[in-house]
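Single-structure report; data block below.
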Amino acid sequence: MGVEELPRVLTDEQVARFHRDGFLLLENVLTPDEVARYRAAVLDLVPADLSLPESWQVFNSRIKPLRSGGDQTWDTPELLPLMGNERLYRTVAQLLGTHRLRAFDGSIGITLRNDALGDEVLSQGLHVDASVPPGVDFLFTPEEVQLGGCYYLTDVAPGGGGIHVVPGGHRIVEEEVRAARAAGADGRALHQGWKRITHLETVEVTGPAGSFALLHHLMPHAASHNRRPTTRVAQFMRYVRVPHPHGEDRPLPRERYDAARLAAMSPLTRRLLGLDPW
Ligand SMILES: O=C(O)CCC(=O)C(=O)O
Ligand SMILES: [Fe+2]
């Protein structure tokens with residue numbers, strides 16, 4: 001099956017906008033029922049007495065549930081279907097030009113209101129999360145590209161903790177790296193390996209619950225302070241082509257999936273997670 005046989009979900013205008021801006025808000029990826037179910041599954045992870053497990057991270061009112069050992073992937077039976085969502089898969093397949101994809105990440109970010117630091121917008125350093133290992137040069141080929149981002153499981157209004165991005169930022173990163181290389185410098189190492197970017201202006205990606213904020217992997221982005229009463233609930237997903245030049249299509253070990261997890265997987269989810277071949 002070639003990608004040509006997959007239904008096109010994005011219009012030509014959306015595809016052009018994604019290539020220009022490096023990000024795109026996809027609305028209605030999830031139905032209201034799905035949003036309610038996944039949001040409840042995420043919030044069920046939070047202990048009722050709000051005593052957060054030692055392994056979890058909390059930075060600037062943003063709660064990141066982590067399993068011991070730093071495992072951030074929440075592939076519980078309740079949340080696994082989100083990792084195999086068909087509409088998002090088709091969108092990414094259209095943009096990456098292949099149906100053979102690996103899905104990963106599955107991390108969660110719960111951003112509570114923060115009334116402190118009034119004029120500060122970002123709650124995290126602006127950074128790039130590319131599917132290129134630290135210290136390894138960017139190839140800038142289509143095969144290398146990873147597309148990822150987050151589902152909004154709550155409405156995200158302006159100032160409500162939406163992810164911040166730099167319009168056209170993926171191109172700026174490529175231009176700066178290439179310019180540095182041309183000057184004999186290490187472009188990959190700029191801005192502390194592109195993990196601390198301080199010279200670019202950002203915009204907040206807002207949108208209704210059920211949206212997915214889709215980002216090119218060279219897009220500088222950061223979490224923001226939530227100034228609103230609505231706690232932002234987000235789940236993060238990433239997709240690469242199979243095979244991937246840096247091996248980022250390597251699946252997680254099968255042993256992590258018990259009977260309940262396996263039962264929660266669709267045939268598409270099994271392929272996306274690497275349990276079945278494409
Ligand atoms: O929570 C967000 O909006 C972004 C978080 C993020 O980019 C990260 O933790 O790497
Ligand atoms: Fe990030």
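Here, A, B, ... name the chains of the structure tokens in the order displayed, residue numbers run from 1 inside each chain, and ligands are numbered from 1 in the same displayed order.
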
Skip Leu122 of chain A itself and residues of its chain fewer than 3 positions away, then list as a ChimeraX atom specification all residues within 7 Å of it, counting only C-alpha atoms.
/A:222-225

Write the residues of the preceding selection, restricted to N, CA and C atoms, as an mmCIF file, in the first residue's frame.
data_model
loop_
_atom_site.group_PDB
_atom_site.id
_atom_site.type_symbol
_atom_site.label_atom_id
_atom_site.label_comp_id
_atom_site.auth_asym_id
_atom_site.auth_seq_id
_atom_site.Cartn_x
_atom_site.Cartn_y
_atom_site.Cartn_z
ATOM 1 N N ALA A 222 8.575 25.847 23.358
ATOM 2 C CA ALA A 222 8.705 25.850 24.824
ATOM 3 C C ALA A 222 7.328 25.845 25.455
ATOM 4 N N ALA A 223 7.281 25.326 26.666
ATOM 5 C CA ALA A 223 6.060 25.410 27.466
ATOM 6 C C ALA A 223 5.897 26.848 27.960
ATOM 7 N N SER A 224 4.654 27.218 28.258
ATOM 8 C CA SER A 224 4.398 28.575 28.760
ATOM 9 C C SER A 224 3.650 28.515 30.080
ATOM 10 N N HIS A 225 3.713 29.641 30.812
ATOM 11 C CA HIS A 225 2.955 29.741 32.052
ATOM 12 C C HIS A 225 1.467 29.768 31.738
#

Taking the DSSP assignment computed from this structure's backbone, write out as a ChimeraX atom specification all residues of segment 199-272 of chain A that belong to alpha helix (DSSP H).
/A:259-263,267-272

For the contact check between chain A and ligand 2, emit one row per residue of chain A within 10 Å, containing the shortest atom pair and the distance in Å rounded to one decimal, counting only C-alpha atoms and all ligand atoms, chain then rising number order, as JSON lines.
{"residue": "A:Gln124", "atom": "CA", "partner": "ligand 2", "partner_atom_place_in_ligand_line": "1 (Fe)", "distance": 8.9}
{"residue": "A:Gly125", "atom": "CA", "partner": "ligand 2", "partner_atom_place_in_ligand_line": "1 (Fe)", "distance": 9.2}
{"residue": "A:Leu126", "atom": "CA", "partner": "ligand 2", "partner_atom_place_in_ligand_line": "1 (Fe)", "distance": 8.1}
{"residue": "A:His127", "atom": "CA", "partner": "ligand 2", "partner_atom_place_in_ligand_line": "1 (Fe)", "distance": 6.3}
{"residue": "A:Val128", "atom": "CA", "partner": "ligand 2", "partner_atom_place_in_ligand_line": "1 (Fe)", "distance": 6.4}
{"residue": "A:Asp129", "atom": "CA", "partner": "ligand 2", "partner_atom_place_in_ligand_line": "1 (Fe)", "distance": 5.4}
{"residue": "A:Ala130", "atom": "CA", "partner": "ligand 2", "partner_atom_place_in_ligand_line": "1 (Fe)", "distance": 9.0}
{"residue": "A:Gly148", "atom": "CA", "partner": "ligand 2", "partner_atom_place_in_ligand_line": "1 (Fe)", "distance": 9.7}
{"residue": "A:Gly149", "atom": "CA", "partner": "ligand 2", "partner_atom_place_in_ligand_line": "1 (Fe)", "distance": 8.5}
{"residue": "A:Ile163", "atom": "CA", "partner": "ligand 2", "partner_atom_place_in_ligand_line": "1 (Fe)", "distance": 9.0}
{"residue": "A:His164", "atom": "CA", "partner": "ligand 2", "partner_atom_place_in_ligand_line": "1 (Fe)", "distance": 9.9}
{"residue": "A:Lys195", "atom": "CA", "partner": "ligand 2", "partner_atom_place_in_ligand_line": "1 (Fe)", "distance": 9.0}
{"residue": "A:His217", "atom": "CA", "partner": "ligand 2", "partner_atom_place_in_ligand_line": "1 (Fe)", "distance": 9.4}
{"residue": "A:Met219", "atom": "CA", "partner": "ligand 2", "partner_atom_place_in_ligand_line": "1 (Fe)", "distance": 9.4}
{"residue": "A:Pro220", "atom": "CA", "partner": "ligand 2", "partner_atom_place_in_ligand_line": "1 (Fe)", "distance": 8.2}
{"residue": "A:His221", "atom": "CA", "partner": "ligand 2", "partner_atom_place_in_ligand_line": "1 (Fe)", "distance": 6.2}
{"residue": "A:Ala222", "atom": "CA", "partner": "ligand 2", "partner_atom_place_in_ligand_line": "1 (Fe)", "distance": 6.0}
{"residue": "A:Ala223", "atom": "CA", "partner": "ligand 2", "partner_atom_place_in_ligand_line": "1 (Fe)", "distance": 7.6}
{"residue": "A:Phe236", "atom": "CA", "partner": "ligand 2", "partner_atom_place_in_ligand_line": "1 (Fe)", "distance": 9.4}

Selection above as a file: all heavy atoms, as a tab-separated table (two decimals), in the first residue's frame:
chain	number	residue	atom	x	y	z
A	124	GLN	N	9.85	27.60	30.28
A	124	GLN	CA	10.87	26.61	29.92
A	124	GLN	C	11.73	27.29	28.86
A	124	GLN	O	11.22	28.14	28.12
A	124	GLN	CB	10.13	25.41	29.30
A	124	GLN	CG	10.96	24.21	28.94
A	124	GLN	CD	10.11	23.15	28.24
A	124	GLN	OE1	9.22	23.46	27.45
A	124	GLN	NE2	10.40	21.89	28.53
A	125	GLY	N	13.01	26.92	28.78
A	125	GLY	CA	13.85	27.48	27.72
A	125	GLY	C	13.38	27.03	26.35
A	125	GLY	O	12.92	25.89	26.19
A	126	LEU	N	13.48	27.95	25.38
A	126	LEU	CA	13.10	27.61	24.00
A	126	LEU	C	14.12	26.58	23.48
A	126	LEU	O	15.33	26.78	23.60
A	126	LEU	CB	13.14	28.90	23.18
A	126	LEU	CG	12.53	28.93	21.79
A	126	LEU	CD1	11.03	28.63	21.83
A	126	LEU	CD2	12.77	30.30	21.15
A	127	HIS	N	13.62	25.47	22.92
A	127	HIS	CA	14.51	24.38	22.54
A	127	HIS	C	13.98	23.61	21.34
A	127	HIS	O	12.82	23.77	20.95
A	127	HIS	CB	14.68	23.41	23.72
A	127	HIS	CG	13.39	22.75	24.13
A	127	HIS	ND1	12.45	23.37	24.90
A	127	HIS	CD2	12.87	21.52	23.84
A	127	HIS	CE1	11.41	22.57	25.09
A	127	HIS	NE2	11.64	21.44	24.44
A	128	VAL	N	14.84	22.76	20.80
A	128	VAL	CA	14.48	21.87	19.69
A	128	VAL	C	14.56	20.45	20.22
A	128	VAL	O	15.50	20.10	20.94
A	128	VAL	CB	15.46	22.09	18.51
A	128	VAL	CG1	15.39	20.95	17.51
A	128	VAL	CG2	15.19	23.43	17.82
A	129	ASP	N	13.56	19.63	19.90
A	129	ASP	CA	13.58	18.20	20.27
A	129	ASP	C	13.64	17.37	18.98
A	129	ASP	O	12.66	16.72	18.60
A	129	ASP	CB	12.31	17.80	21.04
A	129	ASP	CG	12.26	18.38	22.44
A	129	ASP	OD1	13.32	18.58	23.04
A	129	ASP	OD2	11.14	18.64	22.93
A	130	ALA	N	14.77	17.43	18.29
A	130	ALA	CA	14.86	16.76	16.99
A	130	ALA	C	15.14	15.27	17.15
A	130	ALA	O	15.73	14.85	18.14
A	130	ALA	CB	15.97	17.40	16.16
A	148	GLY	N	5.90	15.86	15.35
A	148	GLY	CA	5.36	15.58	16.68
A	148	GLY	C	4.59	16.76	17.20
A	148	GLY	O	4.36	17.73	16.48
A	149	GLY	N	4.23	16.66	18.44
A	149	GLY	CA	3.47	17.75	19.04
A	149	GLY	C	2.57	17.23	20.11
A	149	GLY	O	2.83	16.17	20.69
A	163	ILE	N	1.54	25.59	23.99
A	163	ILE	CA	2.93	25.47	23.56
A	163	ILE	C	3.29	26.68	22.70
A	163	ILE	O	2.46	27.15	21.91
A	163	ILE	CB	3.16	24.12	22.84
A	163	ILE	CG1	4.64	23.85	22.62
A	163	ILE	CG2	2.39	24.03	21.52
A	163	ILE	CD1	4.94	22.40	22.23
A	164	HIS	N	4.49	27.21	22.89
A	164	HIS	CA	4.96	28.34	22.09
A	164	HIS	C	5.88	27.85	20.99
A	164	HIS	O	6.67	26.93	21.20
A	164	HIS	CB	5.71	29.34	22.97
A	164	HIS	CG	4.81	30.36	23.61
A	164	HIS	ND1	4.87	31.70	23.30
A	164	HIS	CD2	3.80	30.22	24.49
A	164	HIS	CE1	3.95	32.35	24.00
A	164	HIS	NE2	3.28	31.47	24.73
A	195	LYS	N	19.34	23.62	22.58
A	195	LYS	CA	18.50	23.38	23.76
A	195	LYS	C	18.26	24.67	24.56
A	195	LYS	O	17.48	24.67	25.50
A	195	LYS	CB	19.14	22.32	24.68
A	195	LYS	CG	19.07	20.91	24.09
A	195	LYS	CD	17.64	20.42	23.94
A	195	LYS	CE	17.51	18.99	23.45
A	195	LYS	NZ	16.10	18.61	23.13
A	217	HIS	N	10.25	18.81	13.54
A	217	HIS	CA	11.17	18.54	14.67
A	217	HIS	C	12.28	19.58	14.83
A	217	HIS	O	12.95	19.59	15.86
A	217	HIS	CB	11.73	17.12	14.60
A	217	HIS	CG	12.75	16.87	13.53
A	217	HIS	ND1	13.77	15.95	13.68
A	217	HIS	CD2	12.92	17.42	12.31
A	217	HIS	CE1	14.50	15.94	12.57
A	217	HIS	NE2	14.01	16.82	11.74
A	219	MET	N	11.54	22.70	14.91
A	219	MET	CA	10.83	23.88	15.41
A	219	MET	C	11.25	24.21	16.85
A	219	MET	O	11.04	23.38	17.76
A	219	MET	CB	9.32	23.63	15.37
A	219	MET	CG	8.49	24.71	16.08
A	219	MET	SD	8.77	26.36	15.41
A	219	MET	CE	8.06	26.20	13.78
A	220	PRO	N	11.84	25.39	17.08
A	220	PRO	CA	12.07	25.80	18.46
A	220	PRO	C	10.72	25.98	19.17
A	220	PRO	O	9.79	26.58	18.62
A	220	PRO	CB	12.80	27.14	18.32
A	220	PRO	CG	13.40	27.11	16.94
A	220	PRO	CD	12.38	26.36	16.12
A	221	HIS	N	10.61	25.44	20.38
A	221	HIS	CA	9.33	25.50	21.10
A	221	HIS	C	9.59	25.51	22.60
A	221	HIS	O	10.70	25.18	23.04
A	221	HIS	CB	8.45	24.30	20.70
A	221	HIS	CG	9.05	23.00	21.13
A	221	HIS	ND1	9.99	22.33	20.37
A	221	HIS	CD2	8.88	22.25	22.24
A	221	HIS	CE1	10.35	21.23	21.00
A	221	HIS	NE2	9.69	21.15	22.14
A	222	ALA	N	8.58	25.85	23.36
A	222	ALA	CA	8.70	25.85	24.82
A	222	ALA	C	7.33	25.84	25.45
A	222	ALA	O	6.35	26.32	24.87
A	222	ALA	CB	9.47	27.09	25.29
A	223	ALA	N	7.28	25.33	26.67
A	223	ALA	CA	6.06	25.41	27.47
A	223	ALA	C	5.90	26.85	27.96
A	223	ALA	O	6.87	27.60	28.06
A	223	ALA	CB	6.17	24.45	28.66
A	236	PHE	N	1.72	14.11	24.40
A	236	PHE	CA	2.68	14.35	23.34
A	236	PHE	C	2.93	13.09	22.51
A	236	PHE	O	3.09	12.00	23.06
A	236	PHE	CB	4.01	14.82	23.94
A	236	PHE	CG	3.90	16.18	24.59
A	236	PHE	CD1	3.34	16.31	25.86
A	236	PHE	CD2	4.29	17.32	23.92
A	236	PHE	CE1	3.20	17.56	26.45
A	236	PHE	CE2	4.15	18.57	24.50
A	236	PHE	CZ	3.60	18.69	25.77

Can you tell me which residues surround Leu153 of chain A at a distance of at most 10 Å, considering only C-alpha atoms, apart from same-chain residues fewer than 2 positions away, and format the answer as a compact mmCIF listing (two decimals) with N, CA and C atoms, in the first residue's frame?
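Heads up, here's the output in out.txt:
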# COMPACT_ATOMS: atom_id res chain seq x y z
N LEU A 30 -9.71 14.59 17.76
CA LEU A 30 -10.45 13.73 18.69
C LEU A 30 -11.89 14.21 18.79
N PRO A 32 -15.42 14.82 21.01
CA PRO A 32 -15.62 15.24 22.40
C PRO A 32 -15.63 14.05 23.37
N GLU A 34 -13.95 11.21 23.01
CA GLU A 34 -12.55 10.77 23.18
C GLU A 34 -11.80 11.73 24.09
N VAL A 35 -12.01 13.02 23.88
CA VAL A 35 -11.34 14.02 24.73
C VAL A 35 -11.68 13.77 26.19
N ALA A 36 -12.96 13.58 26.48
CA ALA A 36 -13.40 13.39 27.87
C ALA A 36 -12.77 12.13 28.46
N ARG A 37 -12.71 11.08 27.64
CA ARG A 37 -12.16 9.81 28.13
C ARG A 37 -10.65 9.93 28.40
N TYR A 38 -9.92 10.49 27.45
CA TYR A 38 -8.46 10.59 27.62
C TYR A 38 -8.09 11.58 28.72
N ARG A 39 -8.85 12.67 28.79
CA ARG A 39 -8.56 13.65 29.86
C ARG A 39 -8.76 13.00 31.23
N ALA A 40 -9.85 12.24 31.35
CA ALA A 40 -10.11 11.55 32.63
C ALA A 40 -9.00 10.54 32.92
N VAL A 42 -5.89 10.71 32.00
CA VAL A 42 -4.69 11.45 32.43
C VAL A 42 -4.86 11.93 33.87
N ILE A 110 0.74 18.44 32.37
CA ILE A 110 -0.44 19.01 33.01
C ILE A 110 -0.02 20.36 33.57
N CYS A 150 1.50 18.00 20.38
CA CYS A 150 0.65 17.57 21.49
C CYS A 150 -0.84 17.68 21.19
N TYR A 151 -1.53 16.70 21.75
CA TYR A 151 -3.00 16.77 21.81
C TYR A 151 -3.35 17.72 22.93
N ASP A 155 -9.54 22.89 26.49
CA ASP A 155 -9.47 24.09 25.64
C ASP A 155 -8.26 24.90 26.08
N VAL A 156 -7.48 25.36 25.13
CA VAL A 156 -6.32 26.20 25.46
C VAL A 156 -6.53 27.59 24.86
N PRO A 208 -9.02 24.53 20.60
CA PRO A 208 -9.99 23.80 21.41
C PRO A 208 -9.52 22.39 21.76
N ALA A 209 -10.09 21.86 22.82
CA ALA A 209 -9.83 20.47 23.20
C ALA A 209 -10.12 19.57 22.00
N GLY A 210 -9.26 18.57 21.82
CA GLY A 210 -9.42 17.67 20.68
C GLY A 210 -8.51 18.03 19.53
N SER A 211 -7.78 19.17 19.67
CA SER A 211 -6.84 19.59 18.63
C SER A 211 -5.50 18.90 18.84
N PHE A 212 -4.70 18.89 17.79
CA PHE A 212 -3.30 18.48 17.90
C PHE A 212 -2.44 19.59 17.33
N THR A 231 -6.82 24.15 33.89
CA THR A 231 -5.56 23.40 33.86
C THR A 231 -5.38 22.81 32.47
N ARG A 232 -4.22 23.07 31.86
CA ARG A 232 -3.98 22.53 30.53
C ARG A 232 -3.54 21.08 30.62
N VAL A 233 -4.26 20.21 29.92
CA VAL A 233 -3.90 18.80 29.88
C VAL A 233 -3.48 18.46 28.45
N ALA A 234 -2.25 17.98 28.30
CA ALA A 234 -1.73 17.68 26.96
C ALA A 234 -1.04 16.32 26.95
N GLN A 235 -1.11 15.66 25.81
CA GLN A 235 -0.38 14.40 25.61
C GLN A 235 0.46 14.56 24.35

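Taking atom CA of Pro47 of chain A and atom CA of Gly69 of chain A as the two end points, the separation is 19.4 Å.
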
Would you list, as a PyMOL selection string, the residues of segment 186-257 of chain A that end up in strand (DSSP E) under DSSP run on this structure's backbone?
chain A and resi 203-204+212-216+221-222+232-241

Take the residues from that selection and write them out as a short mmCIF file (atom, residue, chain, number, x, y, z; two decimals), in the first residue's frame, keeping N, CA, C and O atoms.
data_model
loop_
_atom_site.label_atom_id
_atom_site.label_comp_id
_atom_site.auth_asym_id
_atom_site.auth_seq_id
_atom_site.Cartn_x
_atom_site.Cartn_y
_atom_site.Cartn_z
N VAL A 203 5.20 32.58 19.37
CA VAL A 203 3.74 32.77 19.47
C VAL A 203 3.16 31.53 20.16
O VAL A 203 3.73 30.44 20.08
N GLU A 204 2.03 31.73 20.83
CA GLU A 204 1.38 30.62 21.52
C GLU A 204 0.44 29.90 20.57
O GLU A 204 -0.29 30.55 19.81
N PHE A 212 -4.70 18.89 17.79
CA PHE A 212 -3.30 18.48 17.90
C PHE A 212 -2.44 19.59 17.33
O PHE A 212 -2.65 20.02 16.20
N ALA A 213 -1.50 20.08 18.13
CA ALA A 213 -0.54 21.09 17.67
C ALA A 213 0.64 20.35 17.07
O ALA A 213 1.42 19.73 17.79
N LEU A 214 0.74 20.36 15.74
CA LEU A 214 1.74 19.56 15.02
C LEU A 214 2.97 20.42 14.72
O LEU A 214 2.84 21.53 14.18
N LEU A 215 4.15 19.91 15.05
CA LEU A 215 5.40 20.67 14.89
C LEU A 215 6.43 19.88 14.08
O LEU A 215 6.58 18.66 14.29
N HIS A 216 7.14 20.58 13.21
CA HIS A 216 8.35 20.03 12.57
C HIS A 216 9.41 19.84 13.66
O HIS A 216 9.47 20.64 14.60
N HIS A 221 10.61 25.44 20.38
CA HIS A 221 9.33 25.50 21.10
C HIS A 221 9.59 25.51 22.60
O HIS A 221 10.70 25.18 23.04
N ALA A 222 8.58 25.85 23.36
CA ALA A 222 8.70 25.85 24.82
C ALA A 222 7.33 25.84 25.45
O ALA A 222 6.35 26.32 24.87
N ARG A 232 -4.22 23.07 31.86
CA ARG A 232 -3.98 22.53 30.53
C ARG A 232 -3.54 21.08 30.62
O ARG A 232 -2.57 20.75 31.30
N VAL A 233 -4.26 20.21 29.92
CA VAL A 233 -3.90 18.80 29.88
C VAL A 233 -3.48 18.46 28.45
O VAL A 233 -4.26 18.66 27.51
N ALA A 234 -2.25 17.98 28.30
CA ALA A 234 -1.73 17.68 26.96
C ALA A 234 -1.04 16.32 26.95
O ALA A 234 -0.48 15.88 27.96
N GLN A 235 -1.11 15.66 25.81
CA GLN A 235 -0.38 14.40 25.61
C GLN A 235 0.46 14.56 24.35
O GLN A 235 -0.01 15.09 23.35
N PHE A 236 1.72 14.11 24.40
CA PHE A 236 2.68 14.35 23.34
C PHE A 236 2.93 13.09 22.51
O PHE A 236 3.09 12.00 23.06
N MET A 237 2.96 13.26 21.19
CA MET A 237 3.26 12.15 20.28
C MET A 237 4.28 12.59 19.25
O MET A 237 4.33 13.76 18.87
N ARG A 238 5.08 11.63 18.79
CA ARG A 238 6.04 11.89 17.72
C ARG A 238 6.00 10.74 16.72
O ARG A 238 5.73 9.60 17.10
N TYR A 239 6.31 11.07 15.46
CA TYR A 239 6.29 10.08 14.39
C TYR A 239 7.53 10.25 13.51
O TYR A 239 7.88 11.38 13.16
N VAL A 240 8.16 9.12 13.18
CA VAL A 240 9.23 9.14 12.17
C VAL A 240 8.93 8.08 11.12
O VAL A 240 8.13 7.16 11.35
N ARG A 241 9.61 8.22 9.97
CA ARG A 241 9.52 7.19 8.95
C ARG A 241 10.25 5.93 9.40
O ARG A 241 11.22 6.00 10.15
#

Shell of 8 Å around Arg188 of chain A, only C-alpha atoms, local chain residues under 2 positions omitted, as a ChimeraX atom specification:
/A:135-138,177,186,190,193-194

Using only C-alpha atoms, which of A:Leu80, A:Ala103, A:Ile63, A:Leu200 sits nearest Val165 of chain A?
A:Leu200

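Across A:Thr206, A:Thr269, A:Ser55, A:Thr76, the tightest approach to ligand 1 is made by A:Thr206 when counting only C-alpha atoms and all ligand atoms.
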
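The list of residues with at least one atom within 8 Å of Ser61 of chain A, based on only C-alpha atoms and without residues fewer than 6 positions apart in the same chain, reads Thr111, Leu112, Arg113, Asn114 and His225 of chain A.
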
Filtering to N, CA and C atoms, could you give me those residues as an mmCIF file, in the first residue's frame?
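selection.cif, written as the output of this step:
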data_model
loop_
_atom_site.group_PDB
_atom_site.id
_atom_site.type_symbol
_atom_site.label_atom_id
_atom_site.label_comp_id
_atom_site.auth_asym_id
_atom_site.auth_seq_id
_atom_site.Cartn_x
_atom_site.Cartn_y
_atom_site.Cartn_z
ATOM 1 N N THR A 111 -0.516 21.438 32.985
ATOM 2 C CA THR A 111 -0.044 22.764 33.401
ATOM 3 C C THR A 111 -1.098 23.476 34.231
ATOM 4 N N LEU A 112 -0.810 23.586 35.527
ATOM 5 C CA LEU A 112 -1.705 24.302 36.444
ATOM 6 C C LEU A 112 -1.505 25.801 36.288
ATOM 7 N N ARG A 113 -2.472 26.573 36.754
ATOM 8 C CA ARG A 113 -2.315 28.021 36.777
ATOM 9 C C ARG A 113 -1.104 28.402 37.620
ATOM 10 N N ASN A 114 -0.409 29.424 37.166
ATOM 11 C CA ASN A 114 0.723 29.966 37.921
ATOM 12 C C ASN A 114 0.553 31.475 37.964
ATOM 13 N N HIS A 225 3.713 29.641 30.812
ATOM 14 C CA HIS A 225 2.955 29.741 32.052
ATOM 15 C C HIS A 225 1.467 29.768 31.738
#

Give me the residues near Asn85 of chain A as a PDB file with N, CA and C atoms, in the first residue's frame, where near means some atom within 10 Å (using only C-alpha atoms) and where sequence neighbours in that chain fewer than 2 positions away do not count.
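Final file, result-v2.pdb:
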ATOM      1  N   VAL A  29      -9.213  16.447  15.883  1.00  0.00           N
ATOM      2  CA  VAL A  29      -8.555  15.147  15.706  1.00  0.00           C
ATOM      3  C   VAL A  29      -9.262  14.125  16.593  1.00  0.00           C
ATOM      4  N   LEU A  30      -9.705  14.591  17.762  1.00  0.00           N
ATOM      5  CA  LEU A  30     -10.446  13.728  18.690  1.00  0.00           C
ATOM      6  C   LEU A  30     -11.887  14.210  18.795  1.00  0.00           C
ATOM      7  N   LEU A  80      -3.365   4.023  25.475  1.00  0.00           N
ATOM      8  CA  LEU A  80      -2.734   3.457  24.282  1.00  0.00           C
ATOM      9  C   LEU A  80      -3.438   3.811  22.970  1.00  0.00           C
ATOM     10  N   PRO A  81      -4.780   3.803  22.940  1.00  0.00           N
ATOM     11  CA  PRO A  81      -5.440   4.102  21.660  1.00  0.00           C
ATOM     12  C   PRO A  81      -5.084   5.478  21.109  1.00  0.00           C
ATOM     13  N   LEU A  82      -4.702   6.411  22.001  1.00  0.00           N
ATOM     14  CA  LEU A  82      -4.287   7.734  21.555  1.00  0.00           C
ATOM     15  C   LEU A  82      -3.014   7.645  20.710  1.00  0.00           C
ATOM     16  N   MET A  83      -2.179   6.656  21.010  1.00  0.00           N
ATOM     17  CA  MET A  83      -0.923   6.496  20.275  1.00  0.00           C
ATOM     18  C   MET A  83      -1.160   5.935  18.876  1.00  0.00           C
ATOM     19  N   ARG A  87      -6.693   9.421  12.617  1.00  0.00           N
ATOM     20  CA  ARG A  87      -6.714  10.704  11.912  1.00  0.00           C
ATOM     21  C   ARG A  87      -5.340  11.374  11.959  1.00  0.00           C
ATOM     22  N   LEU A  88      -4.701  11.339  13.124  1.00  0.00           N
ATOM     23  CA  LEU A  88      -3.369  11.939  13.225  1.00  0.00           C
ATOM     24  C   LEU A  88      -2.380  11.147  12.372  1.00  0.00           C
ATOM     25  N   TYR A  89      -2.494   9.823  12.413  1.00  0.00           N
ATOM     26  CA  TYR A  89      -1.620   8.975  11.592  1.00  0.00           C
ATOM     27  C   TYR A  89      -1.732   9.352  10.113  1.00  0.00           C
ATOM     28  N   ARG A  90      -2.953   9.493   9.631  1.00  0.00           N
ATOM     29  CA  ARG A  90      -3.131   9.811   8.207  1.00  0.00           C
ATOM     30  C   ARG A  90      -2.568  11.168   7.846  1.00  0.00           C
ATOM     31  N   SER A 266      -5.129  -1.576  18.348  1.00  0.00           N
ATOM     32  CA  SER A 266      -5.685  -1.870  17.022  1.00  0.00           C
ATOM     33  C   SER A 266      -4.553  -2.395  16.141  1.00  0.00           C
ATOM     34  N   LEU A 268      -3.475  -1.068  13.504  1.00  0.00           N
ATOM     35  CA  LEU A 268      -2.644   0.106  13.182  1.00  0.00           C
ATOM     36  C   LEU A 268      -1.688   0.437  14.335  1.00  0.00           C
ATOM     37  N   THR A 269      -2.216   0.412  15.559  1.00  0.00           N
ATOM     38  CA  THR A 269      -1.371   0.707  16.727  1.00  0.00           C
ATOM     39  C   THR A 269      -0.214  -0.277  16.807  1.00  0.00           C
ATOM     40  N   LEU A 272       2.344   0.781  14.321  1.00  0.00           N
ATOM     41  CA  LEU A 272       2.985   2.050  14.709  1.00  0.00           C
ATOM     42  C   LEU A 272       3.976   1.847  15.851  1.00  0.00           C
TER      43      LEU A 272
END

Could you list, as a list in words, every residue within 8 Å of segment 5-8 of chain A, counting only C-alpha atoms and ignoring same-chain residues fewer than 4 positions away?
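Here the qualifying residues turn out to be Met1, Arg90, Thr91, Gln94 and His99 of chain A.
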
Atoms kept (C-alpha atoms) for selection, written as an mmCIF file, in the first residue's frame:
data_model
loop_
_atom_site.group_PDB
_atom_site.id
_atom_site.type_symbol
_atom_site.label_atom_id
_atom_site.label_comp_id
_atom_site.auth_asym_id
_atom_site.auth_seq_id
_atom_site.Cartn_x
_atom_site.Cartn_y
_atom_site.Cartn_z
ATOM 1 C CA MET A 1 0.000 0.000 0.000
ATOM 2 C CA ARG A 90 -3.131 9.811 8.207
ATOM 3 C CA THR A 91 -2.181 13.448 8.530
ATOM 4 C CA GLN A 94 0.407 12.567 4.112
ATOM 5 C CA HIS A 99 2.433 5.011 5.376
#

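If only C-alpha atoms are the atoms counted, then among A:Leu147, A:Val132, A:Leu79, A:Ala185 the closest residue to Ser107 of chain A is A:Leu79.
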
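Using only C-alpha atoms, the shortest contact distance between His244 of chain A and any of A:Ala48, A:Leu101, A:Leu10, A:Ala93 is found at A:Leu101.
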
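Among the candidates A:Gln14, A:Gln192, A:Ser51, A:Gln57, the one nearest to ligand 1 when counting only C-alpha atoms and all ligand atoms is A:Gln57.
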